[in-house]
>>> print(open('my_file-v2.txt').read())   # compact mmCIF, C-alpha atoms and all ligand atoms
# COMPACT_ATOMS: atom_id res chain seq x y z
CA MET Y 481 -6.48 61.67 -54.79
CA ILE Y 482 -4.52 59.11 -52.75
CA SER Y 483 -1.78 56.97 -54.20
CA LEU Y 484 -1.22 53.46 -52.84
CA GLN Y 485 2.00 51.47 -52.92
CA GLU Y 486 1.87 47.75 -53.64
CA ASN Y 487 3.75 44.83 -52.02
CA ILE Y 488 5.69 46.81 -49.47
CA SER Y 489 7.83 44.74 -47.09
CA LEU Y 490 6.64 45.34 -43.53
CA SER Y 491 10.03 44.29 -42.18
CA ASN Y 492 11.07 47.86 -43.06
CA TYR Y 493 8.28 49.22 -40.88
CA THR Y 494 8.64 47.12 -37.72
CA THR Y 495 11.33 47.69 -35.10
CA ILE Y 496 12.03 43.94 -34.96
CA ARG Y 497 12.62 44.07 -38.72
CA THR Y 498 10.54 40.99 -39.59
CA GLY Y 499 7.27 40.47 -41.46
CA GLY Y 500 6.18 39.81 -45.02
CA PRO Y 501 4.69 42.28 -47.51
CA ALA Y 502 1.61 44.46 -47.24
CA ARG Y 503 -0.55 44.02 -50.32
CA TRP Y 504 -1.30 47.77 -50.25
CA PHE Y 505 0.37 50.54 -48.23
CA ILE Y 506 -0.22 54.23 -47.73
CA THR Y 507 1.16 56.93 -45.44
CA CYS Y 508 -1.54 59.46 -44.50
CA LYS Y 509 -0.66 62.96 -43.36
CA THR Y 510 -4.23 64.29 -43.27
CA GLU Y 511 -7.59 63.08 -42.01
CA ALA Y 512 -8.98 63.57 -45.52
CA SER Y 513 -6.47 61.08 -46.96
CA ILE Y 514 -7.26 58.61 -44.15
CA LEU Y 515 -10.97 58.81 -45.05
CA GLU Y 516 -10.17 58.30 -48.72
CA ALA Y 517 -7.95 55.30 -47.93
CA LEU Y 518 -10.67 53.76 -45.75
CA ALA Y 519 -13.23 54.26 -48.53
CA TYR Y 520 -10.87 52.52 -50.97
CA ALA Y 521 -10.44 49.60 -48.57
CA SER Y 522 -14.19 49.33 -48.05
CA SER Y 523 -15.08 49.37 -51.74
CA ASN Y 524 -12.38 46.79 -52.50
CA LYS Y 525 -13.25 44.63 -49.46
CA LEU Y 526 -9.73 44.95 -48.05
CA LYS Y 527 -8.77 44.37 -44.44
CA VAL Y 528 -7.16 47.47 -42.83
CA LEU Y 529 -4.15 47.56 -40.52
CA THR Y 530 -3.39 50.84 -38.75
CA LEU Y 531 0.35 51.31 -38.42
CA GLY Y 532 2.27 53.61 -36.12
CA ALA Y 533 6.00 53.04 -35.81
CA GLY Y 534 5.72 49.23 -35.78
CA SER Y 535 7.30 48.89 -32.33
CA ASN Y 536 4.63 46.58 -31.03
CA LEU Y 537 3.79 44.61 -34.17
CA LEU Y 538 4.81 41.08 -35.05
CA VAL Y 539 3.79 40.60 -38.66
CA SER Y 540 3.52 37.08 -40.14
CA ASP Y 541 6.17 36.10 -42.70
CA GLN Y 542 3.30 35.75 -45.20
CA GLY Y 543 2.56 39.45 -44.76
CA PHE Y 544 -0.77 41.27 -44.66
CA ASP Y 545 -3.25 40.79 -47.48
CA GLY Y 546 -4.97 44.14 -47.11
CA LEU Y 547 -4.31 47.87 -46.82
CA VAL Y 548 -1.82 49.20 -44.27
CA ILE Y 549 -2.51 52.82 -43.28
CA GLN Y 550 0.47 54.46 -41.65
CA VAL Y 551 -0.79 57.38 -39.55
CA ALA Y 552 1.40 60.47 -39.99
CA LEU Y 553 -0.73 63.23 -38.44
CA ASP Y 554 2.03 65.12 -36.69
CA HIS Y 555 0.69 68.24 -34.96
CA ILE Y 556 1.24 69.19 -31.31
CA SER Y 557 -0.70 71.99 -29.65
CA PHE Y 558 -0.12 73.31 -26.10
CA LYS Y 559 -3.36 74.70 -24.62
CA ASP Y 560 -3.95 76.43 -21.26
CA SER Y 561 -3.44 74.77 -17.88
CA GLY Y 562 -1.31 71.84 -19.02
CA LEU Y 563 -3.70 70.53 -21.68
CA VAL Y 564 -1.78 69.22 -24.72
CA VAL Y 565 -3.17 67.80 -27.96
CA ALA Y 566 -1.04 65.61 -30.23
CA GLY Y 567 -1.69 64.00 -33.62
CA GLY Y 568 -1.65 60.21 -33.81
CA GLY Y 569 1.52 60.22 -35.91
CA VAL Y 570 3.69 62.27 -33.52
CA ASN Y 571 6.74 60.34 -32.32
CA TRP Y 572 6.06 59.55 -28.66
CA ASP Y 573 9.49 60.47 -27.31
CA HIS Y 574 9.55 63.75 -29.26
CA PHE Y 575 6.23 64.49 -27.61
CA VAL Y 576 7.50 63.60 -24.12
CA LYS Y 577 10.60 65.77 -24.64
CA ALA Y 578 8.46 68.71 -25.83
CA THR Y 579 6.22 68.47 -22.75
CA CYS Y 580 9.26 68.27 -20.43
CA LEU Y 581 10.74 71.34 -22.12
CA HIS Y 582 7.44 73.12 -21.45
CA GLY Y 583 7.89 72.29 -17.77
CA LEU Y 584 4.97 69.84 -17.70
CA THR Y 585 4.89 66.64 -15.65
CA GLY Y 586 2.83 63.49 -16.04
CA ILE Y 587 4.58 61.50 -18.76
CA GLU Y 588 8.30 62.16 -18.11
CA SER Y 589 8.95 58.63 -16.76
CA MET Y 590 7.79 57.25 -20.12
CA SER Y 591 10.68 58.95 -21.94
CA GLY Y 592 12.30 56.78 -24.59
CA ILE Y 593 9.38 54.44 -25.29
CA PRO Y 594 9.37 53.87 -29.07
CA GLY Y 595 6.27 54.39 -31.19
CA ASN Y 596 3.78 57.12 -31.94
CA VAL Y 597 1.20 58.97 -29.85
CA GLY Y 598 -1.75 57.29 -31.63
CA ALA Y 599 -0.73 53.84 -30.44
CA THR Y 600 -0.25 54.78 -26.79
CA PRO Y 601 -3.92 54.39 -25.80
CA VAL Y 602 -4.10 51.01 -27.58
CA GLN Y 603 -2.05 49.16 -25.02
CA ASN Y 604 -2.07 51.87 -22.34
CA VAL Y 605 1.66 52.33 -22.63
CA GLY Y 606 3.59 52.60 -19.41
CA ALA Y 607 6.99 52.53 -17.74
CA TYR Y 608 8.62 53.30 -14.39
CA GLY Y 609 5.32 53.73 -12.57
CA GLN Y 610 3.50 55.91 -15.12
CA GLU Y 611 0.82 54.84 -17.62
CA VAL Y 612 -0.77 57.03 -20.30
CA CYS Y 613 -4.25 56.35 -18.88
CA GLU Y 614 -3.34 58.62 -15.94
CA THR Y 615 -3.07 61.68 -18.19
CA ILE Y 616 -5.23 60.97 -21.26
CA VAL Y 617 -8.46 62.96 -21.21
CA GLN Y 618 -9.75 62.17 -24.67
CA VAL Y 619 -9.02 60.09 -27.74
CA ASN Y 620 -10.29 61.16 -31.17
CA ALA Y 621 -10.80 58.35 -33.64
CA ILE Y 622 -12.30 57.40 -36.98
CA ASN Y 623 -14.34 54.21 -37.33
CA ILE Y 624 -12.58 51.97 -39.84
CA LYS Y 625 -15.86 50.35 -40.98
CA ASP Y 626 -18.34 53.24 -41.29
CA PHE Y 627 -15.87 56.22 -41.24
CA SER Y 628 -17.77 57.96 -38.43
CA LYS Y 629 -15.77 60.12 -36.00
CA ARG Y 630 -15.94 59.70 -32.25
CA ILE Y 631 -14.35 61.24 -29.19
CA PHE Y 632 -13.71 58.76 -26.37
CA SER Y 633 -13.35 59.95 -22.79
CA ALA Y 634 -10.63 58.21 -20.77
CA LYS Y 635 -13.31 56.16 -18.99
CA GLU Y 636 -14.74 54.98 -22.31
CA CYS Y 637 -11.30 53.73 -23.38
CA ALA Y 638 -11.54 50.98 -20.69
CA PHE Y 639 -7.87 51.22 -19.85
CA ALA Y 640 -6.22 48.39 -17.94
CA TYR Y 641 -2.67 47.10 -17.56
CA ARG Y 642 -1.24 47.15 -21.14
CA ASN Y 643 -4.79 47.03 -22.41
CA SER Y 644 -7.81 49.05 -23.55
CA ARG Y 645 -10.97 48.67 -25.63
CA PHE Y 646 -8.77 49.32 -28.71
CA LYS Y 647 -6.91 46.06 -28.07
CA THR Y 648 -9.93 43.97 -26.99
CA SER Y 649 -13.64 44.60 -27.74
CA ASP Y 650 -12.89 47.22 -30.44
CA LYS Y 651 -9.71 45.68 -31.83
CA ASP Y 652 -8.96 47.08 -35.32
CA LEU Y 653 -12.19 49.11 -35.31
CA TRP Y 654 -10.87 52.62 -34.60
CA LEU Y 655 -8.06 54.61 -36.16
CA ILE Y 656 -6.82 57.09 -33.56
CA THR Y 657 -6.19 60.52 -35.05
CA GLU Y 658 -5.49 62.62 -31.96
CA VAL Y 659 -4.93 62.24 -28.22
CA THR Y 660 -5.44 64.94 -25.55
CA PHE Y 661 -3.38 64.80 -22.37
CA GLN Y 662 -3.89 66.70 -19.12
CA LEU Y 663 -0.40 67.36 -17.77
CA ASN Y 664 0.65 69.30 -14.70
CA GLU Y 665 2.26 72.74 -14.64
CA SER Y 666 3.26 72.81 -10.97
CA SER Y 667 3.76 69.35 -9.48
CA LEU Y 668 7.23 67.87 -9.14
CA PRO Y 669 8.07 64.61 -10.91
CA ASN Y 670 7.35 61.71 -8.58
CA PRO Y 671 9.43 58.68 -9.63
CA GLN Y 672 8.27 55.33 -8.28
CA TYR Y 673 10.75 52.62 -9.13
CA ASP Y 674 13.71 51.69 -6.89
CA GLU Y 675 16.10 51.44 -9.82
CA LEU Y 676 15.22 54.95 -10.98
CA LEU Y 677 15.30 56.39 -7.46
CA LYS Y 678 18.74 54.85 -6.88
CA SER Y 679 20.07 56.31 -10.12
CA LEU Y 680 18.64 59.77 -9.30
CA ALA Y 681 20.06 59.71 -5.77
CA SER Y 682 23.58 59.95 -7.21
CA ASP Y 683 22.76 63.11 -9.21
CA PRO Y 684 23.12 66.46 -7.39
CA LEU Y 685 20.75 68.15 -9.86
CA TRP Y 686 18.00 65.86 -8.63
CA SER Y 687 18.37 66.99 -5.02
CA THR Y 688 19.34 70.64 -5.54
CA GLY Y 689 17.91 71.56 -8.96
CA ASP Y 690 14.78 73.64 -9.53
CA ARG Y 691 11.57 72.05 -10.78
CA PHE Y 692 12.53 72.28 -14.46
CA GLN Y 693 15.98 70.80 -13.80
CA LYS Y 694 14.38 67.94 -11.87
CA ILE Y 695 12.07 67.12 -14.79
CA MET Y 696 14.95 67.13 -17.29
CA THR Y 697 17.21 65.18 -14.90
CA LEU Y 698 14.59 62.50 -14.44
CA ARG Y 699 14.15 62.22 -18.20
CA GLU Y 700 17.93 61.82 -18.69
CA HIS Y 701 18.10 59.08 -16.05
CA VAL Y 702 15.16 57.18 -17.54
CA LEU Y 703 16.83 57.33 -20.97
CA LYS Y 704 20.14 56.15 -19.51
CA ILE Y 705 18.58 53.18 -17.68
CA ARG Y 706 16.46 52.22 -20.70
CA SER Y 707 19.46 52.41 -23.04
CA SER Y 708 21.48 50.13 -20.77
CA LYS Y 709 18.71 47.54 -21.24
CA GLY Y 710 18.37 48.00 -25.00
CA MET Y 711 14.98 49.66 -24.49
CA VAL Y 712 15.71 52.80 -26.52
CA LEU Y 713 15.87 52.30 -30.29
CA ASN Y 714 19.46 52.49 -31.54
CA HIS Y 715 20.52 51.48 -35.06
CA SER Y 716 23.96 50.44 -33.83
CA ASP Y 717 22.60 48.14 -31.09
CA SER Y 718 20.95 44.95 -32.39
CA ASP Y 719 19.51 44.32 -28.92
CA THR Y 720 17.06 47.08 -29.77
CA TYR Y 721 15.82 45.26 -32.90
CA SER Y 722 12.92 44.06 -30.79
CA LEU Y 723 9.38 44.82 -29.72
CA GLY Y 724 10.38 45.78 -26.19
CA SER Y 725 8.98 43.45 -23.55
CA PHE Y 726 7.66 40.44 -25.41
CA PHE Y 727 5.62 39.20 -22.42
CA MET Y 728 3.43 41.05 -19.95
CA ASN Y 729 4.03 40.78 -16.24
CA PRO Y 730 1.47 38.17 -15.13
CA ILE Y 731 -1.29 39.39 -12.81
CA VAL Y 732 -2.03 36.74 -10.20
CA SER Y 733 -4.20 36.35 -7.09
CA THR Y 734 -2.71 36.43 -3.60
CA SER Y 735 -3.00 32.63 -3.27
CA GLU Y 736 -1.24 32.17 -6.60
CA LYS Y 737 1.50 34.58 -5.51
CA VAL Y 738 1.97 32.58 -2.28
CA ARG Y 739 2.16 29.34 -4.31
CA ILE Y 740 4.87 30.78 -6.60
CA PHE Y 741 6.88 32.22 -3.68
CA GLN Y 742 6.72 28.83 -1.94
CA LEU Y 743 7.78 27.07 -5.15
CA ALA Y 744 10.76 29.44 -5.44
CA ALA Y 745 11.76 28.64 -1.85
CA ASP Y 746 11.28 24.86 -2.36
CA LYS Y 747 13.47 24.98 -5.45
CA GLY Y 748 16.15 26.82 -3.48
CA LEU Y 749 16.03 29.89 -5.74
CA PRO Y 750 17.99 32.75 -4.18
CA ARG Y 751 15.24 35.38 -4.51
CA GLN Y 752 11.52 35.67 -5.14
CA PRO Y 753 9.90 37.55 -8.03
CA THR Y 754 9.17 41.22 -7.42
CA ALA Y 755 5.45 41.62 -6.83
CA HIS Y 756 3.61 44.95 -7.12
CA SER Y 757 0.03 45.32 -5.96
CA ALA Y 758 -2.33 45.36 -8.97
CA GLY Y 759 -5.60 45.99 -7.15
CA ASP Y 760 -7.76 44.03 -4.78
CA ASN Y 761 -6.14 40.66 -4.04
CA LEU Y 762 -4.10 40.92 -7.24
CA TRP Y 763 -0.35 41.07 -7.84
CA LYS Y 764 1.80 41.92 -10.84
CA LEU Y 765 4.76 39.51 -10.86
CA SER Y 766 8.01 40.09 -12.71
CA ALA Y 767 7.91 38.15 -16.00
CA ALA Y 768 11.67 38.70 -16.32
CA TRP Y 769 12.27 36.93 -13.01
CA LEU Y 770 10.07 33.98 -14.02
CA ILE Y 771 11.90 33.67 -17.35
CA GLU Y 772 15.39 33.92 -15.84
CA ASN Y 773 14.55 31.33 -13.21
CA SER Y 774 13.15 28.93 -15.81
CA GLY Y 775 16.62 28.42 -17.23
CA ILE Y 776 16.46 31.02 -20.03
CA LYS Y 777 19.55 33.17 -20.31
CA LYS Y 778 20.29 36.48 -22.00
CA GLY Y 779 21.64 35.82 -25.49
CA ASP Y 780 19.95 32.37 -25.86
CA MET Y 781 19.04 31.67 -29.49
CA ILE Y 782 16.53 29.55 -31.37
CA GLN Y 783 17.03 29.55 -35.12
CA SER Y 784 17.99 33.17 -35.84
CA ALA Y 785 15.98 34.74 -33.01
CA ARG Y 786 17.84 35.79 -29.86
CA VAL Y 787 16.93 36.73 -26.33
CA SER Y 788 18.40 40.22 -25.85
CA THR Y 789 21.88 40.13 -24.34
CA LYS Y 790 20.71 42.91 -21.98
CA HIS Y 791 17.20 41.91 -20.91
CA VAL Y 792 15.45 38.51 -20.95
CA LEU Y 793 12.06 40.06 -21.67
CA ALA Y 794 13.09 41.29 -25.12
CA LEU Y 795 13.24 38.91 -28.08
CA THR Y 796 15.43 40.25 -30.85
CA ASN Y 797 16.34 39.83 -34.48
CA PRO Y 798 20.12 40.30 -34.45
CA SER Y 799 20.49 39.89 -38.23
CA ASN Y 800 18.33 37.66 -40.40
CA ALA Y 801 15.56 36.23 -38.22
CA CYS Y 802 12.02 35.92 -39.54
CA THR Y 803 8.79 36.09 -37.59
CA SER Y 804 8.54 32.29 -37.34
CA ASP Y 805 11.95 32.24 -35.59
CA ILE Y 806 10.71 34.84 -33.08
CA LEU Y 807 7.55 32.80 -32.50
CA ALA Y 808 9.61 29.61 -31.97
CA LEU Y 809 11.75 31.37 -29.35
CA ALA Y 810 8.63 32.81 -27.67
CA ALA Y 811 7.03 29.35 -27.55
CA HIS Y 812 10.19 27.88 -26.00
CA ILE Y 813 10.20 30.58 -23.28
CA LYS Y 814 6.49 30.16 -22.56
CA LYS Y 815 6.93 26.40 -22.22
CA SER Y 816 9.95 26.76 -19.92
CA VAL Y 817 8.08 29.16 -17.59
CA HIS Y 818 5.02 26.94 -17.64
CA ASN Y 819 7.04 23.81 -16.81
CA MET Y 820 8.86 25.53 -13.97
CA PHE Y 821 6.14 27.67 -12.38
CA ALA Y 822 2.82 26.63 -14.00
CA VAL Y 823 2.35 30.27 -15.06
CA GLU Y 824 1.00 31.19 -18.50
CA LEU Y 825 2.91 34.12 -19.99
CA ILE Y 826 0.88 36.38 -22.26
CA GLN Y 827 2.44 37.91 -25.36
CA GLU Y 828 2.42 41.73 -25.38
CA PRO Y 829 2.97 42.61 -29.09
CA VAL Y 830 0.09 42.45 -31.53
CA PHE Y 831 0.33 39.59 -34.04
CA VAL Y 832 -0.72 40.46 -37.60
CA ASP Y 833 -1.49 37.98 -40.37
C1 LIG J 901 12.80 48.83 -27.56
C2 LIG J 901 11.33 48.90 -27.17
C3 LIG J 901 10.97 49.28 -25.89
C4 LIG J 901 9.61 49.35 -25.53
N1 LIG J 901 9.30 49.75 -24.26
C5 LIG J 901 8.00 49.86 -23.89
C6 LIG J 901 7.65 50.30 -22.56
O1 LIG J 901 8.50 50.63 -21.75
N2 LIG J 901 6.33 50.36 -22.26
C7 LIG J 901 5.36 50.04 -23.14
O2 LIG J 901 4.16 50.13 -22.79
N3 LIG J 901 5.66 49.63 -24.41
C8 LIG J 901 6.95 49.53 -24.79
N4 LIG J 901 7.26 49.10 -26.06
C9 LIG J 901 6.18 48.74 -27.00
C10 LIG J 901 5.79 49.88 -27.97
O3 LIG J 901 6.77 50.88 -27.98
C11 LIG J 901 4.47 50.52 -27.60
O4 LIG J 901 3.45 49.56 -27.60
C12 LIG J 901 4.07 51.64 -28.60
O5 LIG J 901 2.98 52.36 -28.10
C13 LIG J 901 3.74 51.12 -29.99
O6 LIG J 901 3.61 52.25 -30.82
P1 LIG J 901 3.70 52.14 -32.39
O7 LIG J 901 3.37 53.47 -32.94
O8 LIG J 901 5.01 51.58 -32.77
O9 LIG J 901 2.53 51.11 -32.69
P2 LIG J 901 2.51 49.93 -33.75
O10 LIG J 901 3.50 48.89 -33.34
O11 LIG J 901 2.61 50.45 -35.12
O12 LIG J 901 1.05 49.35 -33.51
C14 LIG J 901 0.72 48.69 -32.30
C15 LIG J 901 -0.80 48.46 -32.24
O13 LIG J 901 -1.45 49.71 -32.18
C16 LIG J 901 -2.29 49.89 -33.33
N5 LIG J 901 -2.16 51.28 -33.73
C17 LIG J 901 -1.02 51.96 -34.03
N6 LIG J 901 -1.30 53.25 -34.32
C18 LIG J 901 -2.64 53.37 -34.19
C19 LIG J 901 -3.56 54.44 -34.38
N7 LIG J 901 -3.15 55.67 -34.73
N8 LIG J 901 -4.88 54.19 -34.20
C20 LIG J 901 -5.32 52.97 -33.83
N9 LIG J 901 -4.52 51.92 -33.65
C21 LIG J 901 -3.19 52.12 -33.82
C22 LIG J 901 -1.77 48.92 -34.38
O14 LIG J 901 -2.77 48.56 -35.29
C23 LIG J 901 -1.34 47.76 -33.48
O15 LIG J 901 -2.47 47.02 -33.11
C24 LIG J 901 8.61 49.02 -26.45
C25 LIG J 901 8.99 48.63 -27.76
C26 LIG J 901 10.33 48.58 -28.11
C27 LIG J 901 10.71 48.18 -29.51
>>> encode(input="my_file-v2.txt", output="structure tokens", more="lines below")
Ligand SMILES: Cc1cc2nc3c(=O)[nH]c(=O)nc-3n(C[C@H](O)[C@H](O)[C@H](O)COP(=O)(O)OP(=O)(O)OC[C@H]3O[C@@H](n4cnc5c(N)ncnc54)[C@H](O)[C@@H]3O)c2cc1C
Amino acid sequence: MISLQENISLSNYTTIRTGGPARWFITCKTEASILEALAYASSNKLKVLTLGAGSNLLVSDQGFDGLVIQVALDHISFKDSGLVVAGGGVNWDHFVKATCLHGLTGIESMSGIPGNVGATPVQNVGAYGQEVCETIVQVNAINIKDFSKRIFSAKECAFAYRNSRFKTSDKDLWLITEVTFQLNESSLPNPQYDELLKSLASDPLWSTGDRFQKIMTLREHVLKIRSSKGMVLNHSDSDTYSLGSFFMNPIVSTSEKVRIFQLAADKGLPRQPTAHSAGDNLWKLSAAWLIENSGIKKGDMIQSARVSTKHVLALTNPSNACTSDILALAAHIKKSVHNMFAVELIQEPVFVD
């Protein structure tokens, strides 16, 4: 028999510490309790919100008039040949650390990303050149409407840059209970980003260490770089009271990239945005560069919401901001980038009302 809590403030369950109350709330540690909670929601015609660690959720100040199910399935199982299965409620960084300690590669560059395993397929989490879609082999889920179970292959998840079917066509339809990853037992870590490579170059363990030492060294360097940007959760650092990157890096065509580069030159800007290839004739531009060069500075505030003092892509709640303050700051940034570069920034976190 499940027991629901009533009127629970979601500001206690989001890393940005904003959001009104959930009408009903339950933490589920078993699939049986998830099924019971879904049946309750269905018979009482309640909307359902699946909650992980709230690190990508911007909840309206009015709250959520339905049932929030916090997924707390927390098993990890190491199979043969680098196959690892993790419950949807396992803390992502604990999982990454465990796989590194087992000498497995494939997700080490995503060390320090907040949140739980079950949310990683939703927006195809990624950092420093790795994305979960490269290692996920299957996603087990329960249908929120008819309670059926389904196993999705990676292909069926329709992964894309910070996107998947779980964020688009099937938004709020599936509750992810378990994810299976195919990691590698023999390959060396293969870091991609200049900043990370530069940091590793100064560490003798990276050049002389054995394979295991290289994996652990890379993880330490990722955590160090992320912490310097406020991208690892830390109670004593209000720059981490955020949702990580608030905007996605815009994907533009080659002609659009040329237009923006020319605009930067015409405006006498010292540099151009970093551009990484994102497929045929497509480029991923740095949203941080666009924001910085639109006149937004680290630490800028609107009402009680603040741009992180470490990274312009993170919007933060230093003390008593509410969601409407965060939205006002986001709107100001979007407008500034649009006025300067005619580029539409897209919000990364999921908005809940
Ligand atoms: C400081 C900071 C740094 C960050 N850095 C990165 C980064 O480098 N790269 C990156 O990609 N992201 C980053 N993020 C964003 C965030 O960590 C990821 O999106 C993470 O996967 C969210 O996990 P969560 O458990 O907190 O999900 P939540 O915020 O609880 O939920 C996010 C979405 O997933 C859904 N969801 C959650 N759990 C499940 C489930 N079990 N089944 C189905 N749907 C579910 C929710 O309904 C919601 O739509 C960062 C966030 C912060 C705060």
>>> closest_residue(input="my_file-v2.txt", among="Y:Tyr721, Y:Tyr673, Y:Tyr641, Y:Phe558", to="Y:Glu828", atoms="all atoms listed in the file")
Y:Tyr641
>>> atom_distance(input="my_file-v2.txt", atom1="atom N3 of ligand LIG 901 (chain J)", atom2="atom CA of Y:Val612")
10.6 Å
>>> axis_aligned_box(input="my_file-v2.txt", around="stretch 544-547 of chain Y", padding_each_side="6 Å", output="AutoDock Vina command-line options")
--center_x -2.9 --center_y 44.3 --center_z -46.1 --size_x 16.2 --size_y 19.1 --size_z 14.8
>>> residues_around(input="my_file-v2.txt", residues="stretch 727-731 of chain Y", least_positions_apart="3", cutoff="8 Å", atoms="all atoms listed in the file", output="list in words")
Arg642, Ala758, Leu762, Trp763, Lys764, Leu765, Ser766, Ala767, Ala768, Leu793, Val823, Glu824, Leu825, Ile826, Gln827, Glu828 and Pro829 of chain Y
>>> write_last_selection(input="my_file-v2.txt", atoms="C-alpha atoms", output="compact mmCIF listing (two decimals), in the frame of the given file")
# COMPACT_ATOMS: atom_id res chain seq x y z
CA ARG Y 642 -1.24 47.15 -21.14
CA ALA Y 758 -2.33 45.36 -8.97
CA LEU Y 762 -4.10 40.92 -7.24
CA TRP Y 763 -0.35 41.07 -7.84
CA LYS Y 764 1.80 41.92 -10.84
CA LEU Y 765 4.76 39.51 -10.86
CA SER Y 766 8.01 40.09 -12.71
CA ALA Y 767 7.91 38.15 -16.00
CA ALA Y 768 11.67 38.70 -16.32
CA LEU Y 793 12.06 40.06 -21.67
CA VAL Y 823 2.35 30.27 -15.06
CA GLU Y 824 1.00 31.19 -18.50
CA LEU Y 825 2.91 34.12 -19.99
CA ILE Y 826 0.88 36.38 -22.26
CA GLN Y 827 2.44 37.91 -25.36
CA GLU Y 828 2.42 41.73 -25.38
CA PRO Y 829 2.97 42.61 -29.09
>>> closest_residue(input="my_file-v2.txt", among="Y:Glu516, Y:Asp690, Y:Asp674, Y:Glu511", to="Y:Leu484", atoms="all atoms listed in the file")
Y:Glu516
>>> closest_residue(input="my_file-v2.txt", among="Y:Thr585, Y:Asp626, Y:Lys559, Y:Asn596", to="Y:Ser522", atoms="only C-alpha atoms")
Y:Asp626
>>> residues_near_point(input="my_file-v2.txt", point="(12.8, 29.3, -11.3)", cutoff="7 Å", atoms="all atoms listed in the file", output="VMD selection string")
chain Y and resid 744 749 770 772 to 774 820 to 821
>>> atom_distance(input="my_file-v2.txt", atom1="atom CA of Y:Gly543", atom2="atom CA of Y:Asp780")
26.6 Å
>>> closest_atom_pairs(input="my_file-v2.txt", of="chain Y", to="ligand LIG 901 (chain J)", cutoff="6 Å", atoms="all atoms listed in the file", output="CSV")
residue,atom,partner,partner_atom,distance
Y:Thr495,CA,J:LIG901,C27,5.6
Y:Leu529,CA,J:LIG901,O14,5.5
Y:Thr530,CA,J:LIG901,O14,4.2
Y:Leu531,CA,J:LIG901,O11,4.1
Y:Gly532,CA,J:LIG901,O11,3.3
Y:Ala533,CA,J:LIG901,O8,3.5
Y:Gly534,CA,J:LIG901,O10,3.3
Y:Ser535,CA,J:LIG901,O8,3.6
Y:Asn536,CA,J:LIG901,O10,3.5
Y:Leu537,CA,J:LIG901,O10,4.4
Y:Val551,CA,J:LIG901,N7,5.6
Y:Gly568,CA,J:LIG901,N7,4.9
Y:Ile593,CA,J:LIG901,N1,4.8
Y:Pro594,CA,J:LIG901,O3,4.1
Y:Gly595,CA,J:LIG901,O6,3.4
Y:Asn596,CA,J:LIG901,O7,3.8
Y:Gly598,CA,J:LIG901,N7,3.8
Y:Ala599,CA,J:LIG901,N6,4.0
Y:Thr600,CA,J:LIG901,O5,4.2
Y:Val602,CA,J:LIG901,O13,5.5
Y:Val605,CA,J:LIG901,O2,3.3
Y:Gly606,CA,J:LIG901,O2,4.2
Y:Ala607,CA,J:LIG901,O1,4.7
Y:Trp654,CA,J:LIG901,C20,5.6
Y:Leu655,CA,J:LIG901,N8,3.8
Y:Ile656,CA,J:LIG901,N8,3.5
Y:Thr657,CA,J:LIG901,N7,5.7
Y:Met711,CA,J:LIG901,C1,3.9
Y:Val712,CA,J:LIG901,C1,5.0
Y:Leu713,CA,J:LIG901,C1,5.4
Y:Thr720,CA,J:LIG901,C1,5.1
Y:Ser722,CA,J:LIG901,C27,4.8
Y:Leu723,CA,J:LIG901,C27,3.6
Y:Gly724,CA,J:LIG901,C26,3.4
Y:Val830,CA,J:LIG901,O15,5.5
>>> atom_distance(input="my_file-v2.txt", atom1="atom CA of Y:Thr579", atom2="atom CA of Y:Asn670")
15.7 Å
>>> closest_residue(input="my_file-v2.txt", among="Y:Val617, Y:Val832, Y:Ala634, Y:Leu809", to="Y:Gly499", atoms="all atoms listed in the file")
Y:Val832
>>> residues_around(input="my_file-v2.txt", residues="Y:Leu547", least_positions_apart="3", cutoff="6 Å", atoms="all atoms listed in the file", output="list in words")
Trp504, Phe505 and Val528 of chain Y
>>> closest_residue(input="my_file-v2.txt", among="Y:Leu581, Y:Val738, Y:Ala638, Y:Ala517", to="Y:Asn761", atoms="only C-alpha atoms")
Y:Val738
>>> closest_residue(input="my_file-v2.txt", among="Y:Ser667, Y:Gln618, Y:Ser718, Y:Ser540", to="Y:Val787", atoms="only C-alpha atoms")
Y:Ser718
